[in-house]
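Here's coords_9.txt, which has compact mmCIF, C-alpha atoms:
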# COMPACT_ATOMS: atom_id res chain seq x y z
CA MET A 24 -111.77 -128.65 -14.18
CA PRO A 25 -109.83 -131.39 -15.99
CA VAL A 26 -106.17 -131.96 -15.18
CA SER A 27 -105.18 -131.06 -18.77
CA PHE A 28 -106.46 -127.50 -18.26
CA TRP A 29 -104.25 -126.90 -15.23
CA GLN A 30 -101.28 -128.43 -16.99
CA GLY A 31 -101.78 -126.11 -19.97
CA LEU A 32 -102.17 -123.07 -17.73
CA SER A 33 -99.02 -123.98 -15.79
CA ALA A 34 -97.05 -124.33 -19.02
CA PHE A 35 -98.30 -120.95 -20.23
CA LEU A 36 -97.41 -119.22 -16.97
CA PHE A 37 -93.98 -120.90 -17.02
CA ILE A 38 -93.32 -119.48 -20.50
CA ILE A 39 -94.39 -116.00 -19.38
CA VAL A 40 -92.07 -116.18 -16.38
CA VAL A 41 -89.16 -117.29 -18.59
CA ILE A 42 -89.82 -114.41 -21.03
CA LEU A 43 -89.94 -111.92 -18.17
CA CYS A 44 -86.70 -113.25 -16.74
CA VAL A 45 -84.97 -113.00 -20.12
CA ALA A 46 -86.36 -109.50 -20.63
CA ILE A 47 -85.13 -108.36 -17.21
CA ALA A 48 -81.72 -109.88 -17.84
CA ASN A 49 -81.51 -108.10 -21.23
CA TYR A 50 -83.46 -104.98 -20.39
CA ASP A 51 -81.52 -102.55 -22.61
CA LYS A 52 -81.69 -104.81 -25.66
CA VAL A 53 -85.40 -105.45 -25.19
CA ARG A 54 -86.06 -101.74 -24.84
CA LEU A 55 -84.19 -101.06 -28.09
CA LEU A 56 -86.17 -103.82 -29.82
CA ILE A 57 -89.46 -102.32 -28.63
CA ALA A 58 -88.35 -98.88 -29.82
CA ASP A 59 -87.51 -100.30 -33.28
CA VAL A 60 -90.88 -102.01 -33.52
CA LEU A 61 -92.74 -98.85 -32.47
CA MET A 62 -90.72 -96.80 -34.95
CA CYS A 63 -91.66 -99.17 -37.76
CA ILE A 64 -95.31 -98.97 -36.76
CA GLY A 65 -95.05 -95.17 -36.64
CA LYS A 66 -93.57 -95.04 -40.12
CA VAL A 67 -96.33 -97.23 -41.48
CA VAL A 68 -98.98 -95.07 -39.78
CA ALA A 69 -97.32 -91.87 -41.08
CA PHE A 70 -97.16 -93.28 -44.61
CA VAL A 71 -100.80 -94.30 -44.52
CA ARG A 72 -101.81 -90.91 -43.14
CA ARG A 73 -99.83 -88.99 -45.77
CA ARG A 74 -101.29 -91.18 -48.48
CA ALA A 75 -104.81 -90.53 -47.17
CA VAL A 76 -104.23 -86.74 -47.03
CA LYS A 77 -102.70 -86.78 -50.52
CA THR A 78 -105.70 -88.64 -51.93
CA SER A 79 -108.14 -86.31 -50.17
CA LEU A 80 -106.39 -83.17 -51.44
CA GLU A 81 -106.18 -84.48 -55.00
CA SER A 82 -109.86 -85.41 -54.99
CA THR A 83 -110.96 -82.08 -53.48
CA LEU A 84 -108.92 -79.92 -55.86
CA THR A 85 -109.73 -81.99 -58.94
CA THR A 86 -113.42 -81.53 -58.12
CA ALA A 87 -112.84 -77.79 -57.68
CA ALA A 88 -111.08 -77.62 -61.06
CA TYR A 89 -113.93 -79.54 -62.69
CA ASP A 90 -116.53 -77.18 -61.23
CA LEU A 91 -114.58 -74.10 -62.31
CA ASN A 92 -114.02 -75.43 -65.82
CA LYS A 93 -117.79 -75.77 -66.26
CA GLU A 94 -118.01 -72.00 -65.72
CA ILE A 95 -114.88 -70.91 -67.56
CA GLY A 96 -115.02 -73.03 -70.71
CA GLY A 97 -112.31 -75.56 -69.81
CA LEU A 98 -109.42 -73.07 -69.55
CA LEU A 99 -108.03 -74.52 -66.32
CA PRO A 100 -106.01 -77.75 -65.91
CA LYS A 101 -108.18 -80.82 -65.45
CA GLY A 102 -106.63 -82.39 -62.35
CA VAL A 103 -104.17 -82.17 -59.47
CA THR A 104 -101.24 -84.30 -58.28
CA VAL A 105 -99.71 -83.81 -54.81
CA GLN A 106 -96.06 -84.58 -54.05
CA TRP A 107 -94.70 -84.30 -50.49
CA VAL A 108 -91.47 -82.32 -50.17
CA ARG A 109 -89.72 -80.16 -47.58
CA GLN A 110 -91.40 -76.80 -47.00
CA SER A 111 -88.38 -75.06 -48.50
CA ALA A 112 -88.85 -76.98 -51.78
CA ARG A 113 -92.50 -76.01 -52.34
CA ASP A 114 -93.49 -75.44 -55.94
CA ALA A 115 -96.44 -75.71 -58.33
CA PHE A 116 -96.44 -76.24 -62.07
CA ILE A 117 -98.53 -77.77 -64.86
CA ARG A 118 -97.69 -81.11 -66.45
CA ASP A 119 -99.93 -83.21 -68.71
CA ASP A 120 -102.88 -80.88 -68.07
CA LYS A 121 -102.56 -81.37 -64.31
CA VAL A 122 -101.34 -79.03 -61.61
CA VAL A 123 -98.46 -80.65 -59.73
CA LEU A 124 -98.30 -79.39 -56.15
CA ARG A 125 -94.98 -79.96 -54.39
CA MET A 126 -95.77 -79.08 -50.81
CA GLY A 127 -94.92 -79.79 -47.20
CA PHE A 128 -97.09 -81.96 -44.96
CA GLU A 129 -99.10 -80.15 -42.28
CA GLU A 130 -100.45 -81.73 -39.11
CA ASN A 131 -103.44 -79.36 -39.17
CA PRO A 132 -105.82 -80.56 -41.94
CA ASP A 133 -107.48 -77.14 -42.33
CA LYS A 134 -104.12 -75.43 -42.72
CA GLN A 135 -103.09 -78.15 -45.19
CA LEU A 136 -106.15 -77.59 -47.39
CA ALA A 137 -105.78 -73.80 -47.28
CA ALA A 138 -102.14 -74.06 -48.34
CA ALA A 139 -102.98 -76.54 -51.10
CA VAL A 140 -105.72 -74.34 -52.55
CA MET A 141 -103.47 -71.28 -52.57
CA GLN A 142 -100.68 -73.22 -54.29
CA PHE A 143 -103.18 -74.68 -56.76
CA VAL A 144 -104.47 -71.21 -57.64
CA SER A 145 -101.00 -69.64 -57.86
CA GLY A 146 -99.51 -72.44 -59.95
CA GLY A 147 -102.43 -73.55 -62.08
CA PHE A 148 -104.46 -70.40 -62.48
CA LEU A 149 -104.11 -69.33 -66.11
CA PRO A 150 -100.27 -69.26 -66.12
CA ARG A 151 -100.07 -68.14 -69.76
CA ALA A 152 -102.17 -65.07 -68.96
CA LYS A 153 -100.08 -63.83 -66.03
CA PRO A 154 -97.48 -61.87 -68.05
CA TYR A 155 -100.25 -59.77 -69.65
CA VAL A 156 -102.29 -59.01 -66.54
CA ASP A 157 -101.63 -56.15 -64.13
CA LYS A 158 -99.84 -57.65 -61.11
CA LYS A 159 -102.31 -56.31 -58.55
CA VAL A 160 -105.23 -57.54 -60.63
CA MET A 161 -103.68 -61.01 -60.93
CA GLU A 162 -102.84 -61.22 -57.22
CA SER A 163 -106.35 -60.07 -56.30
CA SER A 164 -107.85 -62.59 -58.73
CA GLU A 165 -105.86 -65.44 -57.18
CA LEU A 166 -106.87 -64.44 -53.65
CA THR A 167 -110.52 -64.07 -54.63
CA LEU A 168 -110.57 -67.42 -56.39
CA ALA A 169 -108.88 -69.18 -53.46
CA LYS A 170 -111.42 -67.65 -51.06
CA ARG A 171 -114.25 -68.75 -53.35
CA ILE A 172 -113.00 -72.36 -53.48
CA LEU A 173 -112.46 -72.59 -49.71
CA SER A 174 -115.82 -71.00 -48.88
CA GLN A 175 -117.43 -74.03 -50.54
CA ARG A 176 -115.35 -76.57 -48.60
CA GLY A 177 -115.78 -75.95 -44.90
CA PRO A 178 -115.24 -73.04 -42.49
CA GLY A 179 -112.02 -74.34 -40.88
CA ALA A 180 -109.80 -74.11 -43.96
CA LEU A 181 -111.40 -70.81 -44.96
CA LYS A 182 -110.61 -69.33 -41.55
CA CYS A 183 -106.97 -70.47 -41.83
CA PHE A 184 -106.74 -68.86 -45.26
CA LEU A 185 -108.31 -65.59 -44.12
CA ASP A 186 -106.17 -65.36 -40.96
CA GLU A 187 -102.84 -66.38 -42.52
CA VAL A 188 -103.09 -65.19 -46.13
CA TRP A 189 -106.03 -62.91 -46.97
CA TRP A 190 -106.01 -60.39 -44.13
CA PRO A 191 -102.20 -60.04 -43.82
CA ARG A 192 -102.01 -59.22 -47.54
CA VAL A 193 -104.97 -56.90 -47.92
CA ASP A 194 -104.33 -55.08 -44.64
CA SER A 195 -100.79 -54.23 -45.75
CA ASP A 196 -101.72 -53.09 -49.27
CA GLU A 197 -104.55 -50.60 -49.70
CA GLU A 198 -104.57 -50.92 -53.50
CA LEU A 199 -104.79 -54.70 -53.28
CA ARG A 200 -107.62 -54.42 -50.75
CA GLY A 201 -109.59 -52.17 -53.09
CA ILE A 202 -109.31 -54.55 -56.05
CA CYS A 203 -110.16 -57.56 -53.85
CA GLU A 204 -113.30 -55.79 -52.65
CA ILE A 205 -114.32 -55.08 -56.26
CA LEU A 206 -113.69 -58.68 -57.34
CA THR A 207 -115.67 -59.92 -54.32
CA ASP A 208 -118.62 -57.79 -55.48
CA ILE A 209 -118.26 -59.24 -58.98
CA ASP A 210 -118.15 -62.76 -57.58
CA SER A 211 -121.20 -62.09 -55.41
CA ASP A 212 -123.10 -61.44 -58.63
CA ALA A 213 -121.75 -64.72 -60.11
CA LEU A 214 -119.83 -62.90 -62.87
CA PHE A 215 -116.27 -63.39 -61.62
CA VAL A 216 -115.56 -66.83 -63.09
CA PRO A 217 -117.85 -67.12 -66.16
CA ILE A 218 -117.01 -63.65 -67.54
CA PHE A 219 -114.04 -61.99 -65.84
CA LEU A 220 -111.76 -65.03 -65.54
CA ARG A 221 -112.84 -66.38 -68.92
CA GLU A 222 -111.76 -63.17 -70.65
CA ILE A 223 -108.50 -63.02 -68.71
CA GLY A 224 -107.87 -66.65 -69.65
CA GLU A 225 -108.50 -65.99 -73.34
CA LEU A 226 -106.08 -63.04 -73.41
CA PRO A 227 -102.95 -65.06 -74.33
CA THR A 228 -104.65 -66.36 -77.47
CA LYS A 229 -105.41 -62.81 -78.59
CA VAL A 230 -101.94 -61.42 -77.91
CA ALA A 231 -99.85 -64.49 -78.80
CA GLY A 232 -96.25 -63.50 -79.49
CA GLN A 233 -96.59 -59.98 -78.11
CA VAL A 234 -94.29 -58.63 -75.44
CA PRO A 235 -96.34 -57.57 -72.38
CA THR A 236 -96.68 -53.78 -72.17
CA LYS A 237 -98.39 -51.13 -70.09
CA TYR A 238 -101.31 -51.30 -72.52
CA HIS A 239 -102.03 -54.92 -71.58
CA TYR A 240 -101.93 -54.05 -67.89
CA ALA A 241 -104.14 -50.97 -68.37
CA ASP A 242 -106.72 -52.98 -70.31
CA THR A 243 -107.03 -55.59 -67.54
CA ARG A 244 -107.40 -52.87 -64.88
CA ASP A 245 -110.06 -51.13 -66.96
CA PHE A 246 -111.83 -54.47 -67.35
CA VAL A 247 -112.02 -54.80 -63.56
CA GLU A 248 -113.80 -51.44 -63.36
CA PHE A 249 -116.10 -52.37 -66.24
CA MET A 250 -117.14 -55.62 -64.55
CA HIS A 251 -117.73 -53.77 -61.30
CA ARG A 252 -120.18 -51.44 -63.05
CA ILE A 253 -121.95 -54.50 -64.45
CA ALA A 254 -122.16 -56.21 -61.04
CA THR A 255 -123.59 -53.14 -59.32
CA GLN A 256 -126.05 -52.13 -62.04
CA GLU A 257 -129.76 -52.77 -61.71
CA ARG A 258 -131.41 -55.22 -64.10
CA GLY A 259 -133.40 -53.56 -66.85
CA SER A 260 -131.40 -50.32 -66.62
CA ASP A 261 -131.53 -48.13 -69.73
CA ARG A 262 -127.73 -48.11 -69.74
CA ASN A 263 -127.66 -51.69 -71.05
CA PRO A 264 -125.74 -52.99 -72.86
CA LEU A 265 -122.44 -52.05 -71.30
CA ASP A 266 -119.52 -52.45 -73.67
CA HIS A 267 -115.84 -52.80 -72.89
CA LYS A 268 -114.00 -51.90 -76.06
CA GLY A 269 -110.41 -52.16 -74.90
CA ARG A 270 -107.29 -52.76 -76.93
CA PHE A 271 -107.40 -56.49 -76.27
CA ILE A 272 -110.66 -57.26 -74.46
CA ARG A 273 -113.84 -56.36 -76.33
CA VAL A 274 -117.05 -57.62 -74.77
CA ALA A 275 -120.61 -56.54 -74.11
CA VAL A 276 -122.82 -57.73 -71.26
CA LEU A 277 -126.61 -57.67 -71.42
CA LEU A 278 -128.42 -58.00 -68.10
CA VAL A 279 -131.65 -59.59 -69.23
CA ALA A 280 -134.79 -58.82 -67.24
CA VAL A 281 -138.50 -58.27 -67.64
CA THR A 282 -138.98 -54.62 -68.60
CA ASP A 283 -141.77 -52.54 -70.12
CA LYS A 284 -140.04 -52.88 -73.49
CA TYR A 285 -139.98 -56.64 -73.19
CA VAL A 286 -143.67 -56.71 -72.30
CA SER A 287 -144.54 -54.63 -75.36
CA GLU A 288 -141.87 -55.76 -77.87
CA GLY A 289 -140.67 -59.17 -76.72
CA VAL A 290 -136.99 -60.01 -77.28
CA THR A 291 -136.60 -57.65 -80.25
CA PRO A 292 -134.82 -54.89 -78.24
CA TYR A 293 -132.31 -57.42 -76.89
CA VAL A 294 -131.71 -58.84 -80.38
CA ARG A 295 -131.00 -55.30 -81.62
CA ARG A 296 -128.55 -54.77 -78.78
CA VAL A 297 -126.67 -58.00 -79.55
CA THR A 298 -126.51 -57.04 -83.23
CA LEU A 299 -125.30 -53.52 -82.40
CA ALA A 300 -122.62 -54.85 -80.09
CA PHE A 301 -121.14 -57.05 -82.82
CA GLU A 302 -121.41 -54.21 -85.33
CA ASN A 303 -119.36 -52.08 -82.91
CA GLY A 304 -116.56 -54.64 -82.85
CA MET A 305 -117.39 -56.65 -79.74
CA GLU A 306 -115.85 -60.14 -79.86
CA ARG A 307 -118.29 -61.61 -77.35
CA VAL A 308 -121.67 -60.81 -75.92
CA TYR A 309 -122.71 -62.25 -72.56
CA LEU A 310 -126.41 -62.66 -71.84
CA CYS A 311 -126.84 -62.73 -68.06
CA ALA A 312 -130.08 -63.47 -66.25
CA ARG A 313 -131.35 -64.58 -62.85
CA GLY A 314 -134.28 -66.70 -61.79
CA ARG A 315 -137.43 -66.15 -63.83
CA ASN A 316 -135.52 -64.05 -66.38
CA ILE A 317 -133.42 -67.01 -67.57
CA PRO A 318 -136.02 -68.18 -70.16
CA ILE A 319 -135.95 -64.68 -71.67
CA ALA A 320 -132.17 -64.85 -72.09
CA GLU A 321 -132.53 -68.26 -73.72
CA GLU A 322 -135.19 -66.86 -76.05
CA VAL A 323 -132.81 -64.06 -77.06
CA ARG A 324 -130.06 -66.61 -77.69
CA ASP A 325 -132.31 -68.75 -79.88
CA GLU A 326 -133.41 -65.74 -81.93
CA VAL A 327 -129.93 -64.31 -82.65
CA ILE A 328 -128.79 -67.80 -83.67
CA ARG A 329 -131.83 -68.22 -85.91
CA ILE A 330 -131.19 -64.99 -87.82
CA GLY A 331 -127.46 -65.69 -88.13
CA VAL A 332 -126.22 -62.82 -85.98
CA ALA A 333 -124.51 -64.99 -83.38
CA GLU A 334 -123.29 -68.43 -82.37
CA CYS A 335 -123.52 -69.76 -78.83
CA ILE A 336 -120.15 -70.99 -77.58
CA ASP A 337 -121.16 -71.72 -73.99
CA SER A 338 -124.11 -71.62 -71.63
CA VAL A 339 -123.38 -71.68 -67.92
CA ARG A 340 -126.05 -72.52 -65.35
CA LEU A 341 -125.22 -72.26 -61.68
CA LYS A 342 -126.55 -71.34 -58.29
CA CYS A 343 -125.09 -68.47 -56.38
CA THR A 344 -125.52 -67.03 -52.91
CA PHE A 345 -125.88 -63.27 -52.76
CA LYS A 346 -125.08 -60.89 -49.91
CA ASN A 347 -128.57 -61.22 -48.44
CA GLY A 348 -128.01 -64.97 -48.16
CA SER A 349 -130.61 -65.97 -50.76
CA LEU A 350 -129.80 -68.74 -53.24
CA VAL A 351 -130.54 -67.69 -56.81
CA ASN A 352 -130.30 -69.44 -60.17
CA ARG A 353 -127.97 -67.70 -62.59
CA ALA A 354 -127.45 -68.17 -66.34
CA CYS A 355 -124.60 -66.76 -68.38
CA ILE A 356 -124.83 -67.35 -72.15
CA VAL A 357 -121.72 -66.65 -74.22
CA LEU A 358 -122.19 -65.49 -77.82
CA ARG A 359 -119.78 -64.68 -80.64
CA PRO A 360 -120.55 -63.29 -84.12
CA GLY A 361 -122.21 -65.75 -86.49
CA VAL A 362 -120.13 -67.24 -89.30
CA GLY A 363 -122.02 -65.24 -91.93
CA PHE A 364 -122.29 -62.02 -89.87
CA SER A 365 -120.54 -58.97 -91.36
CA PRO A 366 -120.51 -55.61 -89.60
CA PRO A 367 -121.51 -52.65 -91.77
CA GLY A 368 -118.64 -51.44 -93.94
CA ASP A 369 -116.88 -54.83 -94.12
Is it possible to give me this structure as structure tokens?
Amino acid sequence: MPVSFWQGLSAFLFIIVVILCVAIANYDKVRLLIADVLMCIGKVVAFVRRRAVKTSLESTLTTAAYDLNKEIGGLLPKGVTVQWVRQSARDAFIRDDKVVLRMGFEENPDKQLAAAVMQFVSGGFLPRAKPYVDKKVMESSELTLAKRILSQRGPGALKCFLDEVWWPRVDSDEELRGICEILTDIDSDALFVPIFLREIGELPTKVAGQVPTKYHYADTRDFVEFMHRIATQERGSDRNPLDHKGRFIRVAVLLVAVTDKYVSEGVTPYVRRVTLAFENGMERVYLCARGRNIPIAEEVRDEVIRIGVAECIDSVRLKCTFKNGSLVNRACIVLRPGVGFSPPGD
């Protein structure tokens, strides 16, 4: 090898030896310097990690809000902002149509997501409706909605939620457990968000300025039972339509299916039922159908619009997984009385 190589190597080794000698002579100072450097690196890493978790949570929950708003007619806030605070300063509120989550940072990502979803639901879930809804019904609704969101976003966070929130609450409160079981049945039939939560969310508009009373609470409890009957009723039953004519919530639900009457009369029986519901004071009629029955529900919608009985204010299409594990298409069409429709006697 050339002489220049050995000269360069000797110079390099000499510098290393000098640095080691200085470090040994100033061991305590060097150790403090290394600690400061590592601390700075740690802070940078922690900042980057917190920023990454914040962005991930905001994206996940904003997507969840978007998906829910497609089913509920845009009643929920449109986005989420996360702010890191001490655990003791946790809070959630709405600002500029976004849910602001002030929450503590968790090392466990599943636990972090579970906590964020529960705060999102508690703070951004129809806050104007809460004073008018029975407390057990509202608490059960929040738990059911949080479980629904987490079940679509990985088993780890769902398990954290069930172990640390769901089971401790329902196991200690038999009444709460019963309502949660009912709402789970309603959600299994894909009626929880597009009908139940929509009507709960619209309640403040109907009762604006009223002081919450026992009648508001009773109506929301009765509505839970009504929706449970709907969710557990067979399609094509002669008991259709089922009406809930409460003090504040007045809706009818038609479970559209192929029946002998449909084969012989087409959509005429369903059109009569929609008309009768509005004549009896219903504010909304929901046409619900699964799978191959969806075109029939759409045919009913088109006909009641054509004759001026109703207007369509929303049409929700989604896929839902039922208890047997099958994936089924579901449609929920929301109708209100047509502009020119007048019930008899008006």
Which residue, A:Leu124, A:Ala241, A:Val188, A:Ala75, has the smallest gap to Gln106 (chain A) when you use all atoms listed in the file? A:Leu124
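Summary of the local environment: counting all atoms listed in the file, residues at most 12 Å from region 179-181 of chain A, other than itself and those fewer than 6 positions away along its chain, are A:Asn131, A:Pro132, A:Asp133, A:Lys134, A:Gln135, A:Leu136, A:Ala137, A:Ala138, A:Ala139, A:Val140, A:Met141, A:Leu166, A:Thr167, A:Leu168, A:Ala169, A:Lys170, A:Arg171, A:Ile172, A:Leu173, A:Glu187, A:Val188, A:Trp189, A:Trp190.
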Can you measure CA of Lys284 (chain A) to CA of Asn352 (chain A) for me? One decimal in Å is fine. 23.4 Å
Would you please work out which residue, of A:Glu130, A:Glu198, A:Glu306, A:Asp90, is nearest to Val160 (chain A) when using only C-alpha atoms? A:Glu198
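Of the residues listed (A:Val339, A:Ala320, A:Leu149, A:Val108), A:Ala320 shows the shortest atom-to-atom separation from Val281 (chain A); distances use all atoms listed in the file.
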Point out the residue among A:Tyr155, A:Phe184, A:Tyr285, A:Tyr293 with the least atom-to-atom distance to Leu226 (chain A), counting all atoms listed in the file.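 Of A:Tyr155, A:Phe184, A:Tyr285, A:Tyr293, the one nearest Leu226 (chain A) is A:Tyr155, counting all atoms listed in the file.
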My list of candidates is A:Gly304, A:Gly289, A:Pro227, A:Gly331. Which is closest to Ile319 (chain A) when distances are computed with all atoms listed in the file?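 For Ile319 (chain A), the nearest of the given residues is A:Gly289.
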Within 9 Å of Gly224 (chain A), counting all atoms listed in the file, which residues show up once you throw out same-chain ones fewer than 6 positions away? Write them as a list in words, please.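 Near Gly224 (chain A), the qualifying residues are Ile95, Leu98, Leu99, Phe148, Leu149, Pro150, Arg151 and Ala152 of chain A.
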Interatomic distance (Å, one decimal) between CA of Tyr240 (chain A) and CA of Pro154 (chain A):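 Spanning CA of Tyr240 (chain A) to CA of Pro154 (chain A) is a straight-line distance of 9.0 Å.
Taking CA of Lys153 (chain A) and CA of Asp114 (chain A) as the two end points, the separation is 16.7 Å.
The nearest approach to Cys311 (chain A) among the residues A:Ile117, A:Ile272, A:Ile253, A:Leu299, with all atoms listed in the file taken into account, belongs to A:Ile253.
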How would you write as a list of chain:residue names the residues that get within 8 Å of (-100.0, -88.5, -52.1) in the file's frame, counting only C-alpha atoms?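 Those residues lying close to the given coordinates are A:Arg73, A:Arg74, A:Ala75, A:Val76, A:Lys77, A:Thr78, A:Glu81, A:Thr104, A:Val105, A:Gln106, A:Trp107.
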Excluding Phe364 (chain A) and any residue of its chain fewer than 6 positions from it, enumerate the residues within 9 Å of it, using only C-alpha atoms, and give them as a PDB file with C-alpha atoms, in the coordinates of the input.
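Writing the result to selection-v2.pdb gives the following:
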ATOM      1  CA  PHE A 301    -121.140 -57.050 -82.820  1.00  0.00           C
ATOM      2  CA  GLY A 331    -127.460 -65.690 -88.130  1.00  0.00           C
ATOM      3  CA  VAL A 332    -126.220 -62.820 -85.980  1.00  0.00           C
ATOM      4  CA  ALA A 333    -124.510 -64.990 -83.380  1.00  0.00           C
TER       5      ALA A 333
END
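Every protein or nucleic acid residue with an atom no more than 7 Å from Arg340 (chain A), counting only C-alpha atoms and leaving out same-chain residues fewer than 2 positions away, appears here: Ser338, Arg353, Ala354 and Cys355 of chain A.
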Saved selection, atoms kept: C-alpha atoms, as a compact mmCIF listing (two decimals), keeping the file's coordinate frame:
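Contents of selection_31.txt, freshly written:
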# COMPACT_ATOMS: atom_id res chain seq x y z
CA SER A 338 -124.11 -71.62 -71.63
CA ARG A 353 -127.97 -67.70 -62.59
CA ALA A 354 -127.45 -68.17 -66.34
CA CYS A 355 -124.60 -66.76 -68.38
Near Phe271 (chain A), within 8 Å and counting only C-alpha atoms, which residues show up once chain neighbours fewer than 4 positions away are dropped, as a PyMOL selection string? chain A and resi 226+229-230+239+242
Generate the missing atoms of region 140-162 of chain A up to N, CA and C atoms and report them as a compact mmCIF listing (two decimals), in the frame of the given file.
# COMPACT_ATOMS: atom_id res chain seq x y z
N VAL A 140 -104.89 -75.14 -51.65
CA VAL A 140 -105.72 -74.34 -52.55
C VAL A 140 -104.95 -73.12 -53.05
N MET A 141 -104.22 -72.46 -52.15
CA MET A 141 -103.47 -71.28 -52.57
C MET A 141 -102.38 -71.65 -53.56
N GLN A 142 -101.70 -72.77 -53.34
CA GLN A 142 -100.68 -73.22 -54.29
C GLN A 142 -101.31 -73.62 -55.61
N PHE A 143 -102.46 -74.27 -55.55
CA PHE A 143 -103.18 -74.68 -56.76
C PHE A 143 -103.54 -73.45 -57.60
N VAL A 144 -104.07 -72.42 -56.93
CA VAL A 144 -104.47 -71.21 -57.64
C VAL A 144 -103.25 -70.48 -58.21
N SER A 145 -102.19 -70.37 -57.41
CA SER A 145 -101.00 -69.64 -57.86
C SER A 145 -100.29 -70.36 -59.00
N GLY A 146 -100.26 -71.69 -58.93
CA GLY A 146 -99.51 -72.44 -59.95
C GLY A 146 -100.31 -72.85 -61.15
N GLY A 147 -101.64 -73.03 -60.98
CA GLY A 147 -102.43 -73.55 -62.08
C GLY A 147 -103.44 -72.59 -62.64
N PHE A 148 -103.46 -71.37 -62.09
CA PHE A 148 -104.46 -70.40 -62.48
C PHE A 148 -103.99 -69.60 -63.69
N LEU A 149 -104.37 -70.06 -64.88
CA LEU A 149 -104.11 -69.33 -66.11
C LEU A 149 -102.67 -68.82 -66.21
N PRO A 150 -101.67 -69.71 -66.14
CA PRO A 150 -100.27 -69.26 -66.12
C PRO A 150 -99.85 -68.50 -67.37
N ARG A 151 -100.45 -68.83 -68.53
CA ARG A 151 -100.07 -68.14 -69.76
C ARG A 151 -100.58 -66.70 -69.78
N ALA A 152 -101.60 -66.42 -68.98
CA ALA A 152 -102.17 -65.07 -68.96
C ALA A 152 -101.40 -64.13 -68.04
N LYS A 153 -100.70 -64.65 -67.07
CA LYS A 153 -100.08 -63.83 -66.03
C LYS A 153 -99.19 -62.71 -66.57
N PRO A 154 -98.35 -62.96 -67.58
CA PRO A 154 -97.48 -61.87 -68.05
C PRO A 154 -98.24 -60.67 -68.60
N TYR A 155 -99.49 -60.84 -69.00
CA TYR A 155 -100.25 -59.77 -69.65
C TYR A 155 -101.25 -59.09 -68.72
N VAL A 156 -101.31 -59.54 -67.48
CA VAL A 156 -102.29 -59.01 -66.54
C VAL A 156 -101.57 -58.16 -65.49
N ASP A 157 -102.16 -57.00 -65.19
CA ASP A 157 -101.63 -56.15 -64.13
C ASP A 157 -101.39 -56.99 -62.86
N LYS A 158 -100.24 -56.79 -62.23
CA LYS A 158 -99.84 -57.65 -61.11
C LYS A 158 -100.84 -57.60 -59.96
N LYS A 159 -101.34 -56.42 -59.65
CA LYS A 159 -102.31 -56.31 -58.55
C LYS A 159 -103.63 -56.99 -58.92
N VAL A 160 -104.01 -56.89 -60.18
CA VAL A 160 -105.23 -57.54 -60.63
C VAL A 160 -105.07 -59.06 -60.55
N MET A 161 -103.91 -59.57 -60.98
CA MET A 161 -103.68 -61.01 -60.93
C MET A 161 -103.63 -61.51 -59.49
N GLU A 162 -102.92 -60.80 -58.63
CA GLU A 162 -102.84 -61.22 -57.22
C GLU A 162 -104.23 -61.20 -56.58
